[in-house]
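Accompanying notes for the structure given below.
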Amino acid sequence: MKLGLVNDYIPALIEGTSVKLLSDDLPEIMALPPHARLAGLIERWDIFSSRVTDTVSPSVALGSVILRAPLPRPAKLLCGQLSFREGVAEAKVKPAFFLKSSTSVIGPGETVELPTVDAPVFHHEAELAVVIGKRAKSITPAEAMDHVFGYTCFMDMSARGVGHGTSFQDKSYDTFGPMGPWVLTADSVPDPHDLQVRLWVDDELRQDYPMSDIGNPVADLIAYASSIAALEPGDVLALGVNHQGIGPIQDGDTVRIEIEPIGGFSVKVKDVLGRRWERGVDTRLAEVVLRMVRGEPLGTVEFSPRLDR
């Protein structure tokens, strides 16, 4: 089942190329603030699920609605930090998350606005994200997947070299968290480790990696996060990225993510300064991350050259 928010943040059931608007079925949810509606539905799913599955609302065409981020202001937006083995079979990866501002979230078709901060480069990171369905506090990995409501696609846009890599000033600019196009419920994803994450910049395939490369099972990551802070319905855990394939984003780019069977969406990039970088994969950063997972000395960190200096 695919659940999202459309138009004026109306909860919707997406079925193929059709959409059923659930405003008449869920008046209690519609009474919530617009950004809280899908989270509220998730929190009370045991009460409202039958109204969704049994809805007789007429369908409208998917192309006739505006898709919004399904969870526009999650109470917690956690992002995995160095979560993947990067193709190094012997890599030892420790669970780690950082917090990204919820105001970074935008939806399909919206625009990532690069700040005027003097960053060496801005990067895309395509990620699978877990949506929490019920409260989880200090749970075990064996319990963790029972707390998952579903999955969505997430782009962790990043300013490099501004802070310490995953600090507030690197990650939390407004518009730096595209999410969507909806939430696919967990019963449609037997094993998230079987999924493939892809991202294109314009027509160039940049990222194409399997979730099987993740350094710790998804259940372990959820349990680890819950040992630090209680996870609540509607919280989002973006699981991190394989860095082999990351590259610059710049003014005029169209960036598209796709994770089947969830789906995909695209956003535009705008930079009022019109800065330009060498296009393609940032092999310099990719090599730095490989050295990190291998436990080798890092040396000097360099990024794709900026061309307009």
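Naming works like this for the structure tokens: A, B, ... for the chains as they're shown, residue 1 at the start of each chain, ligands 1 onward in shown order.
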
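By only C-alpha atoms, and with residues fewer than 4 positions from A:Met179 along its chain excluded, the set lying at most 6 Å from it is A:Ala69, A:Gly107, A:Cys153, A:Phe154.
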
In stretch 106-191 of chain A, what's strand (DSSP E) per DSSP? Answer as an MDAnalysis selection string?
chainID A and resid 106 111:113 122:123 126:132 148:155 158:159 177:185

Which residue, A:Asp156, A:Glu287, A:Asp194, A:Asp187, has the smallest gap to A:Ser104 when you use only C-alpha atoms?
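Of A:Asp156, A:Glu287, A:Asp194, A:Asp187, the one nearest A:Ser104, counting only C-alpha atoms, is A:Asp156.
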
Skipping near chain neighbours, those fewer than 2 positions away, what residues fall within 10 Å of A:Arg279 using only C-alpha atoms, listed as an NGL selection string?
:A and (201 or 204 or 247-250 or 276-277 or 281-282 or 304-307)

Counting only C-alpha atoms, which residues of stretch 46-128 of chain A fall within 10 Å of stretch 221-235 of chain A, and what is the closest atom pair for each with its distance in Å at one decimal, ordered by chain and rising number, as a Markdown table?
| residue | atom | partner | partner_atom | distance |
| --- | --- | --- | --- | --- |
| A:Pro70 | CA | A:Gly234 | CA | 9.6 |
| A:Leu71 | CA | A:Gly234 | CA | 7.0 |
| A:Arg73 | CA | A:Gly234 | CA | 9.2 |
| A:Pro74 | CA | A:Asp235 | CA | 5.5 |
| A:Ala75 | CA | A:Asp235 | CA | 5.9 |
| A:Lys76 | CA | A:Asp235 | CA | 5.1 |
| A:Leu77 | CA | A:Asp235 | CA | 6.3 |
| A:Leu78 | CA | A:Asp235 | CA | 8.1 |
| A:Gly80 | CA | A:Leu221 | CA | 8.6 |
| A:Ser83 | CA | A:Leu221 | CA | 9.2 |
| A:Lys94 | CA | A:Leu221 | CA | 9.5 |
| A:Pro95 | CA | A:Leu221 | CA | 6.2 |
| A:Ala96 | CA | A:Leu221 | CA | 8.1 |
| A:Phe97 | CA | A:Ala225 | CA | 7.5 |

Restricting it to C-alpha atoms, dump the selection as a compact mmCIF listing (two decimals), in the first residue's frame.
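Resulting contents of out.txt:
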# COMPACT_ATOMS: atom_id res chain seq x y z
CA PRO A 70 4.81 12.33 2.95
CA LEU A 71 6.28 13.42 6.31
CA ARG A 73 8.10 17.83 9.39
CA PRO A 74 9.11 14.60 11.12
CA ALA A 75 9.68 14.99 14.84
CA LYS A 76 12.99 13.18 14.34
CA LEU A 77 14.90 12.92 11.09
CA LEU A 78 17.90 10.66 11.68
CA GLY A 80 22.93 7.14 8.94
CA SER A 83 26.61 3.06 7.19
CA LYS A 94 29.69 0.82 13.48
CA PRO A 95 26.09 2.06 13.75
CA ALA A 96 25.93 5.87 13.86
CA PHE A 97 23.31 8.55 13.15

Closest atom pairs, stretch 93-186 of chain A residues within 9 Å of stretch 254-262 of chain A, only C-alpha atoms, as CSV:
residue,atom,partner,partner_atom,distance
A:His124,CA,A:Val255,CA,8.3
A:Ala126,CA,A:Ile257,CA,6.5
A:Glu127,CA,A:Ile257,CA,8.6
A:Leu128,CA,A:Ile259,CA,7.5
A:Tyr151,CA,A:Ile262,CA,7.3
A:Thr152,CA,A:Ile262,CA,6.6
A:Cys153,CA,A:Ile259,CA,6.8
A:Phe154,CA,A:Ile257,CA,7.9
A:Met155,CA,A:Ile257,CA,7.6
A:Pro181,CA,A:Ile262,CA,8.3
A:Trp182,CA,A:Ile262,CA,7.9
A:Val183,CA,A:Ile262,CA,7.5
A:Leu184,CA,A:Ile262,CA,5.7

Saved selection, atoms kept: C-alpha atoms, as an mmCIF file, in the first residue's frame:
data_model
loop_
_atom_site.group_PDB
_atom_site.id
_atom_site.type_symbol
_atom_site.label_atom_id
_atom_site.label_comp_id
_atom_site.auth_asym_id
_atom_site.auth_seq_id
_atom_site.Cartn_x
_atom_site.Cartn_y
_atom_site.Cartn_z
ATOM 1 C CA HIS A 124 23.687 14.417 -3.533
ATOM 2 C CA ALA A 126 20.382 8.860 -2.379
ATOM 3 C CA GLU A 127 19.061 6.865 0.575
ATOM 4 C CA LEU A 128 16.392 4.400 1.648
ATOM 5 C CA TYR A 151 9.695 2.980 3.565
ATOM 6 C CA THR A 152 10.256 6.086 1.470
ATOM 7 C CA CYS A 153 12.983 7.625 -0.707
ATOM 8 C CA PHE A 154 15.251 10.328 0.704
ATOM 9 C CA MET A 155 18.020 12.575 -0.612
ATOM 10 C CA PRO A 181 7.025 10.319 -3.327
ATOM 11 C CA TRP A 182 4.959 8.482 -0.672
ATOM 12 C CA VAL A 183 5.352 5.783 2.003
ATOM 13 C CA LEU A 184 5.202 2.158 0.898
#

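Taking only C-alpha atoms, the non-local environment of A:Ile42 within 9 Å (same-chain residues fewer than 4 positions away omitted) comprises Arg37, Leu38, Asp46, Phe48, Ser49, Ile132, Gly133, Lys134, Phe149, Pro233 and Gly234 of chain A.
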